[in-house]
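Asks: My file is structure.tsv. It has TSV, C-alpha atoms and all ligand atoms:
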```tsv
chain	number	residue	atom	x	y	z
A	343	MET	CA	-38.77	-130.34	-160.37
A	344	THR	CA	-41.78	-130.96	-158.16
A	345	LYS	CA	-44.62	-132.50	-160.17
A	346	VAL	CA	-47.99	-131.04	-159.19
A	347	ILE	CA	-51.53	-132.28	-159.82
A	348	ILE	CA	-54.28	-129.68	-159.46
A	349	ALA	CA	-57.78	-130.94	-158.58
A	350	GLY	CA	-60.60	-128.47	-159.21
A	351	PHE	CA	-58.59	-126.62	-161.87
A	352	LYS	CA	-61.73	-125.26	-163.56
A	353	GLY	CA	-62.73	-123.37	-160.42
A	354	ARG	CA	-61.87	-119.93	-159.04
A	355	MET	CA	-58.99	-121.15	-156.84
A	356	GLY	CA	-57.83	-124.08	-158.99
A	357	SER	CA	-57.38	-121.87	-162.07
A	358	THR	CA	-55.40	-119.30	-160.02
A	359	ALA	CA	-53.21	-122.12	-158.70
A	360	VAL	CA	-52.52	-123.32	-162.26
A	361	ASP	CA	-51.14	-119.86	-163.13
A	362	MET	CA	-48.99	-119.83	-159.97
A	363	VAL	CA	-47.48	-123.26	-160.76
A	364	LYS	CA	-46.82	-122.26	-164.40
A	365	ASN	CA	-44.94	-119.17	-163.19
A	366	ASP	CA	-42.59	-121.11	-160.89
A	367	ASN	CA	-39.81	-122.85	-162.81
A	368	THR	CA	-39.16	-125.27	-159.93
A	369	LEU	CA	-42.70	-126.66	-160.28
A	370	GLU	CA	-44.16	-128.72	-163.12
A	371	LEU	CA	-47.86	-129.07	-163.86
A	372	ALA	CA	-48.21	-132.87	-164.07
A	373	ALA	CA	-52.00	-133.31	-164.42
A	374	LEU	CA	-55.30	-131.46	-164.06
A	375	VAL	CA	-58.50	-132.92	-162.58
A	376	ASP	CA	-62.06	-131.63	-162.72
A	377	PRO	CA	-65.31	-133.49	-163.49
A	378	PHE	CA	-66.43	-130.51	-165.61
A	379	ALA	CA	-63.38	-130.45	-167.87
A	380	THR	CA	-64.09	-131.24	-171.54
A	381	GLU	CA	-60.46	-131.06	-172.72
A	382	LYS	CA	-58.24	-134.19	-172.79
A	383	GLU	CA	-55.08	-132.11	-172.40
A	384	ILE	CA	-54.11	-128.46	-172.06
A	385	ASP	CA	-50.69	-127.33	-173.35
A	386	GLY	CA	-49.48	-130.93	-173.13
A	387	VAL	CA	-50.76	-131.44	-169.57
A	388	PRO	CA	-53.17	-134.41	-169.28
A	389	VAL	CA	-56.69	-133.65	-168.04
A	390	PHE	CA	-58.79	-136.14	-166.05
A	391	ASN	CA	-62.46	-136.08	-165.08
A	392	ASP	CA	-62.15	-138.82	-162.48
A	393	LYS	CA	-59.40	-139.15	-159.86
A	394	ALA	CA	-59.52	-142.96	-160.18
A	395	ASP	CA	-57.69	-142.60	-163.53
A	396	LEU	CA	-54.71	-141.13	-161.65
A	397	ALA	CA	-53.95	-144.31	-159.68
A	398	GLY	CA	-50.32	-145.17	-160.43
A	399	PHE	CA	-49.63	-141.76	-162.01
A	400	ALA	CA	-46.18	-140.27	-161.30
A	401	ALA	CA	-46.47	-136.99	-159.37
A	402	ASP	CA	-45.34	-135.50	-156.06
A	403	VAL	CA	-48.09	-133.17	-154.84
A	404	TRP	CA	-51.90	-133.11	-155.05
A	405	VAL	CA	-53.26	-129.56	-154.77
A	406	ASP	CA	-56.97	-129.62	-153.93
A	407	PHE	CA	-59.42	-126.73	-154.41
A	408	THR	CA	-62.63	-128.64	-154.99
A	409	MET	CA	-65.74	-128.93	-152.81
A	410	PRO	CA	-66.30	-129.72	-149.13
A	411	SER	CA	-68.26	-132.87	-150.11
A	412	VAL	CA	-65.32	-134.48	-151.96
A	413	ALA	CA	-62.25	-133.09	-150.17
A	414	TYR	CA	-61.92	-135.91	-147.65
A	415	ASP	CA	-62.11	-138.65	-150.32
A	416	ASN	CA	-59.68	-136.75	-152.53
A	417	THR	CA	-57.14	-136.29	-149.72
A	418	LYS	CA	-57.36	-139.96	-148.76
A	419	PHE	CA	-56.94	-140.94	-152.42
A	420	ALA	CA	-53.88	-138.67	-152.72
A	421	LEU	CA	-52.18	-140.23	-149.69
A	422	GLU	CA	-53.04	-143.78	-150.77
A	423	ASN	CA	-51.46	-143.10	-154.17
A	424	GLY	CA	-48.26	-141.45	-152.94
A	425	PHE	CA	-49.21	-137.81	-153.70
A	426	ARG	CA	-48.55	-135.33	-150.90
A	427	PRO	CA	-51.80	-133.40	-150.41
A	428	VAL	CA	-51.87	-129.59	-150.23
A	429	VAL	CA	-55.52	-128.98	-149.54
A	430	GLY	CA	-57.29	-125.64	-149.43
A	431	THR	CA	-60.77	-127.09	-149.69
A	432	THR	CA	-62.75	-126.52	-146.50
A	433	GLY	CA	-65.36	-128.53	-144.60
A	434	PHE	CA	-63.28	-131.29	-142.94
A	435	THR	CA	-64.46	-132.63	-139.60
A	436	GLU	CA	-62.01	-132.96	-136.71
A	437	ALA	CA	-62.31	-136.77	-136.96
A	438	GLN	CA	-61.47	-136.72	-140.68
A	439	ILE	CA	-58.36	-134.60	-140.07
A	440	THR	CA	-57.21	-136.93	-137.28
A	441	GLU	CA	-57.70	-139.95	-139.56
A	442	LEU	CA	-55.83	-138.32	-142.47
A	443	ILE	CA	-52.91	-137.38	-140.21
A	444	ALA	CA	-52.68	-141.01	-139.07
A	445	LEU	CA	-52.80	-142.21	-142.70
A	446	SER	CA	-50.06	-139.76	-143.72
A	447	LYS	CA	-47.84	-140.98	-140.86
A	448	SER	CA	-48.36	-144.60	-141.86
A	449	LYS	CA	-47.25	-143.70	-145.41
A	450	GLY	CA	-44.46	-141.31	-144.28
A	451	LEU	CA	-45.90	-138.64	-146.57
A	452	GLY	CA	-45.98	-134.91	-145.88
A	453	GLY	CA	-49.21	-133.03	-146.39
A	454	LEU	CA	-51.11	-129.90	-145.53
A	455	ILE	CA	-54.74	-129.01	-144.93
A	456	ALA	CA	-54.89	-125.21	-144.74
A	457	PRO	CA	-58.23	-123.47	-144.21
A	458	ASN	CA	-56.55	-120.26	-145.36
A	459	PHE	CA	-53.34	-119.74	-147.37
A	460	ALA	CA	-53.20	-115.93	-147.06
A	461	ILE	CA	-50.34	-114.84	-144.81
A	462	GLY	CA	-52.46	-111.98	-143.42
A	463	ALA	CA	-55.19	-114.42	-142.44
A	464	ILE	CA	-52.65	-116.60	-140.60
A	465	LEU	CA	-51.49	-113.50	-138.69
A	466	LEU	CA	-55.11	-112.56	-137.92
A	467	MET	CA	-55.64	-116.03	-136.43
A	468	GLU	CA	-52.44	-115.81	-134.36
A	469	PHE	CA	-53.25	-112.30	-133.09
A	470	SER	CA	-56.79	-113.42	-132.23
A	471	GLN	CA	-55.48	-116.37	-130.27
A	472	LYS	CA	-53.20	-114.03	-128.30
A	473	ALA	CA	-55.93	-111.44	-127.67
A	474	ALA	CA	-58.45	-114.05	-126.47
A	475	LYS	CA	-56.28	-114.76	-123.45
A	476	TYR	CA	-57.12	-111.25	-122.21
A	477	PHE	CA	-60.48	-110.73	-123.94
A	478	PRO	CA	-62.67	-113.85	-123.53
A	479	ASP	CA	-65.69	-112.07	-125.04
A	480	VAL	CA	-65.27	-112.48	-128.78
A	481	GLU	CA	-67.42	-112.73	-131.87
A	482	ILE	CA	-66.17	-113.78	-135.31
A	483	ILE	CA	-67.73	-112.30	-138.44
A	484	GLU	CA	-66.67	-113.89	-141.71
A	485	LEU	CA	-67.73	-112.33	-145.00
A	486	HIS	CA	-67.53	-114.12	-148.35
A	487	HIS	CA	-68.76	-114.10	-151.96
A	488	ASP	CA	-72.23	-115.54	-152.46
A	489	LYS	CA	-71.02	-118.66	-154.35
A	490	LYS	CA	-69.42	-120.10	-151.22
A	491	LYS	CA	-70.90	-123.50	-150.35
A	492	ASP	CA	-69.97	-123.91	-146.67
A	493	ALA	CA	-70.76	-121.81	-143.60
A	494	PRO	CA	-69.10	-120.94	-141.38
A	495	SER	CA	-65.87	-120.64	-143.35
A	496	GLY	CA	-62.98	-122.98	-142.63
A	497	THR	CA	-60.98	-119.94	-141.52
A	498	ALA	CA	-63.63	-118.97	-138.95
A	499	VAL	CA	-63.68	-122.51	-137.58
A	500	LYS	CA	-59.87	-122.63	-137.35
A	501	THR	CA	-59.84	-119.19	-135.69
A	502	ALA	CA	-62.36	-120.38	-133.10
A	503	GLU	CA	-60.32	-123.56	-132.50
A	504	LEU	CA	-57.16	-121.51	-131.91
A	505	ILE	CA	-58.99	-119.05	-129.64
A	506	LYS	CA	-60.37	-121.97	-127.62
A	507	GLU	CA	-56.78	-122.93	-126.70
A	508	THR	CA	-56.14	-119.60	-124.90
A	509	ARG	CA	-59.62	-118.33	-123.91
A	510	THR	CA	-61.15	-119.17	-120.56
A	511	TYR	CA	-64.49	-120.76	-121.42
A	512	LYS	CA	-67.57	-118.64	-121.07
A	513	LYS	CA	-71.02	-118.69	-122.65
A	514	GLN	CA	-71.39	-115.23	-124.09
A	515	GLY	CA	-74.38	-112.92	-124.05
A	516	ALA	CA	-77.07	-112.43	-121.42
A	517	ALA	CA	-78.02	-115.62	-119.57
A	518	ASP	CA	-81.68	-114.93	-120.38
A	519	GLU	CA	-81.23	-113.72	-123.98
A	520	VAL	CA	-83.90	-114.81	-126.47
A	521	GLU	CA	-83.66	-115.01	-130.26
A	522	THR	CA	-86.87	-113.54	-131.64
A	523	ILE	CA	-85.71	-114.67	-135.10
A	524	ALA	CA	-83.90	-118.05	-135.09
A	525	GLY	CA	-80.18	-117.72	-135.81
A	526	ALA	CA	-79.98	-114.03	-134.88
A	527	ARG	CA	-77.04	-114.69	-132.54
A	528	GLY	CA	-75.14	-116.74	-135.11
A	529	ALA	CA	-73.53	-120.16	-134.66
A	530	GLU	CA	-72.13	-121.16	-131.28
A	531	PHE	CA	-68.64	-122.60	-130.87
A	532	ASP	CA	-67.45	-123.20	-127.30
A	533	GLY	CA	-69.63	-120.34	-126.02
A	534	MET	CA	-68.46	-117.80	-128.63
A	535	ARG	CA	-70.45	-116.72	-131.69
A	536	ILE	CA	-69.66	-116.96	-135.41
A	537	HIS	CA	-71.62	-114.98	-138.03
A	538	SER	CA	-71.49	-115.66	-141.79
A	539	VAL	CA	-72.18	-112.93	-144.35
A	540	ARG	CA	-72.60	-113.82	-148.05
A	541	LEU	CA	-72.72	-111.03	-150.65
A	542	PRO	CA	-71.80	-110.59	-154.32
A	543	GLY	CA	-68.70	-108.41	-154.68
A	544	LEU	CA	-66.93	-109.89	-151.66
A	545	VAL	CA	-63.96	-112.29	-151.92
A	546	ALA	CA	-62.89	-113.45	-148.41
A	547	HIS	CA	-62.86	-111.28	-145.29
A	548	GLN	CA	-62.93	-111.82	-141.55
A	549	GLU	CA	-63.29	-109.67	-138.45
A	550	VAL	CA	-62.63	-110.86	-134.93
A	551	ILE	CA	-64.21	-108.46	-132.45
A	552	PHE	CA	-63.27	-108.48	-128.78
A	553	GLY	CA	-65.12	-106.58	-126.08
A	554	ALA	CA	-64.28	-105.85	-122.44
A	555	ASN	CA	-65.15	-103.27	-119.78
A	556	GLY	CA	-65.03	-99.90	-121.53
A	557	GLU	CA	-62.89	-101.06	-124.46
A	558	GLY	CA	-62.98	-103.00	-127.68
A	559	LEU	CA	-60.47	-104.50	-130.11
A	560	THR	CA	-61.24	-105.32	-133.75
A	561	LEU	CA	-58.89	-107.38	-135.92
A	562	ARG	CA	-59.68	-107.65	-139.63
A	563	HIS	CA	-58.21	-109.32	-142.69
A	564	ASP	CA	-59.29	-108.86	-146.31
A	565	SER	CA	-58.49	-110.97	-149.35
A	566	TYR	CA	-59.45	-108.68	-152.25
A	567	ASP	CA	-58.11	-111.08	-154.88
A	568	ARG	CA	-57.49	-114.85	-154.95
A	569	VAL	CA	-53.86	-114.16	-155.78
A	570	SER	CA	-53.56	-113.41	-152.01
A	571	PHE	CA	-53.63	-117.16	-151.34
A	572	MET	CA	-50.93	-118.13	-153.84
A	573	SER	CA	-47.71	-117.45	-151.91
A	574	GLY	CA	-49.11	-119.73	-149.18
A	575	VAL	CA	-49.97	-122.47	-151.68
A	576	ASN	CA	-46.46	-122.18	-153.15
A	577	ILE	CA	-44.90	-122.50	-149.66
A	578	GLY	CA	-47.19	-125.46	-148.93
A	579	ILE	CA	-46.17	-127.33	-152.09
A	580	LYS	CA	-42.47	-126.89	-151.30
A	581	GLN	CA	-42.72	-127.63	-147.58
A	582	VAL	CA	-44.75	-130.85	-147.85
A	583	MET	CA	-41.80	-132.30	-149.78
A	584	THR	CA	-39.65	-131.91	-146.65
A	585	ILE	CA	-41.95	-133.40	-143.96
A	586	THR	CA	-43.29	-136.89	-143.31
A	587	GLU	CA	-46.78	-136.25	-141.96
A	588	LEU	CA	-49.81	-134.12	-142.72
A	589	VAL	CA	-50.29	-130.89	-140.75
A	590	TYR	CA	-53.44	-128.82	-140.25
A	591	GLY	CA	-52.76	-125.09	-140.77
A	592	LEU	CA	-50.15	-123.26	-142.82
A	593	GLU	CA	-48.70	-121.77	-139.61
A	594	HIS	CA	-46.96	-125.13	-139.03
A	595	LEU	CA	-44.89	-124.66	-142.20
A	596	LEU	CA	-43.95	-120.98	-141.96
B	601	LIG	N1	-57.57	-122.49	-148.12
B	601	LIG	C1	-57.74	-121.33	-148.76
B	601	LIG	O1	-56.91	-120.39	-148.63
B	601	LIG	C2	-58.91	-121.16	-149.66
B	601	LIG	C3	-59.82	-122.17	-149.73
B	601	LIG	N2	-60.89	-122.06	-150.55
B	601	LIG	C4	-61.76	-123.24	-150.62
B	601	LIG	O2	-61.43	-123.94	-151.81
B	601	LIG	C5	-62.60	-124.64	-152.28
B	601	LIG	C6	-62.84	-124.27	-153.75
B	601	LIG	O3	-63.18	-122.90	-153.83
B	601	LIG	P1	-63.49	-122.22	-155.25
B	601	LIG	O4	-62.32	-122.37	-156.13
B	601	LIG	O5	-64.00	-120.86	-154.95
B	601	LIG	O6	-64.68	-123.14	-155.77
B	601	LIG	P2	-65.20	-123.34	-157.28
B	601	LIG	O7	-66.61	-123.80	-157.15
B	601	LIG	O8	-64.90	-122.14	-158.09
B	601	LIG	O9	-64.28	-124.54	-157.83
B	601	LIG	C7	-64.37	-125.85	-157.42
B	601	LIG	C8	-63.99	-126.74	-158.59
B	601	LIG	O10	-63.85	-128.06	-158.12
B	601	LIG	C9	-64.36	-128.92	-159.12
B	601	LIG	N3	-64.66	-130.23	-158.53
B	601	LIG	C10	-65.78	-130.65	-157.93
B	601	LIG	N4	-65.67	-131.93	-157.54
B	601	LIG	C11	-64.42	-132.32	-157.92
B	601	LIG	C12	-63.70	-133.54	-157.80
B	601	LIG	N5	-64.23	-134.62	-157.20
B	601	LIG	N6	-62.45	-133.60	-158.29
B	601	LIG	C13	-61.90	-132.51	-158.89
B	601	LIG	N7	-62.52	-131.35	-159.04
B	601	LIG	C14	-63.78	-131.25	-158.54
B	601	LIG	C15	-65.58	-128.17	-159.65
B	601	LIG	O11	-65.99	-128.67	-160.91
B	601	LIG	C16	-65.04	-126.76	-159.71
B	601	LIG	O12	-64.43	-126.50	-160.96
B	601	LIG	C17	-63.73	-124.24	-151.32
B	601	LIG	O13	-63.87	-125.23	-150.32
B	601	LIG	C18	-63.24	-122.96	-150.69
B	601	LIG	O14	-63.77	-122.73	-149.42
B	601	LIG	C19	-61.11	-120.96	-151.31
B	601	LIG	C20	-60.24	-119.89	-151.25
B	601	LIG	C21	-59.05	-119.91	-150.42
B	602	LIG	O1	-64.61	-120.14	-150.22
B	602	LIG	C1	-63.75	-119.22	-150.16
B	602	LIG	O2	-63.71	-118.32	-150.98
B	602	LIG	C2	-62.76	-119.25	-149.08
B	602	LIG	N1	-62.71	-120.32	-148.32
B	602	LIG	C3	-61.82	-120.54	-147.24
B	602	LIG	C4	-62.58	-120.64	-145.96
B	602	LIG	O3	-63.67	-121.25	-145.92
B	602	LIG	O4	-62.12	-120.13	-144.93
B	602	LIG	C5	-60.68	-119.56	-147.22
B	602	LIG	C6	-61.03	-118.17	-147.62
B	602	LIG	O5	-61.76	-117.59	-146.60
B	602	LIG	C7	-61.81	-118.16	-148.93
```
Once more with this new file: its structure as structure tokens, please.
Replies:
Amino acid sequence: MTKVIIAGFKGRMGSTAVDMVKNDNTLELAALVDPFATEKEIDGVPVFNDKADLAGFAADVWVDFTMPSVAYDNTKFALENGFRPVVGTTGFTEAQITELIALSKSKGLGGLIAPNFAIGAILLMEFSQKAAKYFPDVEIIELHHDKKKDAPSGTAVKTAELIKETRTYKKQGAADEVETIAGARGAEFDGMRIHSVRLPGLVAHQEVIFGANGEGLTLRHDSYDRVSFMSGVNIGIKQVMTITELVYGLEHLL
């Protein structure tokens, strides 16, 4: 049995992850963490408000769906306490990821930071990376629910990072273009543009639009329900038990 801690269990993703773990008889819910929890235990599973109280606790995996502002500290805490992190929380800097990978190696602990756990989103990123080799003009439009705290989404950033590996650099748009309203052209990443839409009713969606002479290519993925992320979280939990360092992106474990 793999013993799993879920941090952020009161939230949209954390609560969905609790159901997924409960429905897999090879996984055991070992502890739940959320500063907003009022319960001391739920169905015999201990509940903690503060991660510090989990130092020395016996568990294998730390699943994290919390907030960008705490995800780095939580992941570091997990590694320092022998829990293999499986982190969906977004907002890590490149430097933080590099540091956490080094820490995981020094501890010999597997781990995963995955900006998106949906298999369709992983495919969208891979297809986009392939297309960018032939279509260097690309704009990313990510669309999310209006409770999302970070912009652009972690998935959009990861998509842009992957595209950067195959795309020949170019600064897109007219050389003399002017924004008459600041931000009209979106965020810039390596010369390409990323646009963030926030609306009630949405869950998590992304389009990657390529343009070339006389043709266009649009790739799109939609998560209509948070259950779309759960097979990826389940794979992540199982795979981190078999590796000895943290990886960035679920594609490394598929
Ligand atoms: N990688 C992926 O596939 C996905 C990632 N996400 C990301 O997961 C994160 C959480 O998203 P939601 O569940 O929608 O947010 P949410 O706001 O519904 O839930 C976050 C929960 O974390 C709790 N929390 C805050 N600080 C904490 C701490 N220090 N320790 C433990 N719990 C803490 C909050 O009280 C809240 O219950 C976001 O960064 C989001 O972008 C969301 C969907 C899919
Ligand atoms: O906040 C969300 O909801 C999501 N966050 C992740 C991201 O920032 O990419 C993954 C997914 O898009 C849902």
Asks: Would you mind listing what lies within 12 Å of region 515-519 of chain A as a list in words, with all atoms listed in the file counted and same-chain residues fewer than 5 positions away left out?
Replies: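 Near region 515-519 of chain A, the qualifying residues are Pro478, Asp479, Val480, Glu481, Ala526, Arg527, Gly528, Glu530, Gly533, Met534, Arg535 and Gly553 of chain A.
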Asks: Mind listing whatever residues come within 7 Å of the point (-60.9, -113.9, -137.2)? Use only C-alpha atoms, file coordinates, and give them as an MDAnalysis selection string.
Replies: chainID A and resid 466:467 470 482 498 501 548:550 561:562
Asks: Within 8 Å of ligand LIG 602 (chain B) (counting only C-alpha atoms and all ligand atoms), which residues show up? I'd like them as a list of chain:residue names.
Replies: A:Gly430, A:Thr431, A:Thr432, A:Gly433, A:Pro457, A:Asn458, A:Phe459, A:Glu484, A:His486, A:His487, A:Lys489, A:Lys490, A:Lys491, A:Asp492, A:Ala493, A:Pro494, A:Ser495, A:Gly496, A:Thr497, A:Ala498, A:Val499, A:Val545, A:Ala546, A:His547, A:Gln548, A:Ser565
Asks: Fewer than 5 positions away in the same chain doesn't count, so skip those; otherwise give me all residues within 9 Å of Val405 (chain A), counting all atoms listed in the file, as a list in words.
Replies: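 That gives Val346, Ile347, Ile348, Ala349, Gly350, Gly356, Ala359, Arg426, Pro427, Val428, Val429, Gly430, Val575 and Ile579 of chain A.
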Asks: Need the shell around Phe399 (chain A): protein/DNA/RNA residues with any atom at most 9 Å away, counting all atoms listed in the file. Skip same-chain ones fewer than 3 positions apart. Format as a PDB file with C-alpha atoms, in the frame of the given file?
Replies:
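Saved result, result_35.pdb, follows:
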```
ATOM      1  CA  ASP A 395     -57.690-142.600-163.530  1.00  0.00           C
ATOM      2  CA  LEU A 396     -54.710-141.130-161.650  1.00  0.00           C
ATOM      3  CA  ASN A 423     -51.460-143.100-154.170  1.00  0.00           C
TER       4      ASN A 423
END
```
Asks: From the options A:Thr586, A:Ser570, A:Ser448, A:Thr510, which residue's atoms come nearest to ligand LIG 601 (chain B), counting all atoms listed in the file?
Replies: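 Using all atoms listed in the file, ligand LIG 601 (chain B) sits closest to A:Ser570.
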Asks: Find the residues near Gly525 (chain A): any atom within 12 Å, counting all atoms listed in the file, skip ones fewer than 3 places away on the same chain, and give them as a list of chain:residue names.
Replies: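 Skipping anything fewer than 3 positions along the chain leaves A:Val520, A:Glu521, A:Thr522, A:Gly528, A:Ala529, A:Glu530, A:Arg535, A:Ile536, A:His537, A:Ser538.
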Asks: Find the distance between CA of Ala397 (chain A) and CA of Ala420 (chain A) and write it in Å to one decimal.
Replies: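 These atoms are spaced 9.0 Å apart.
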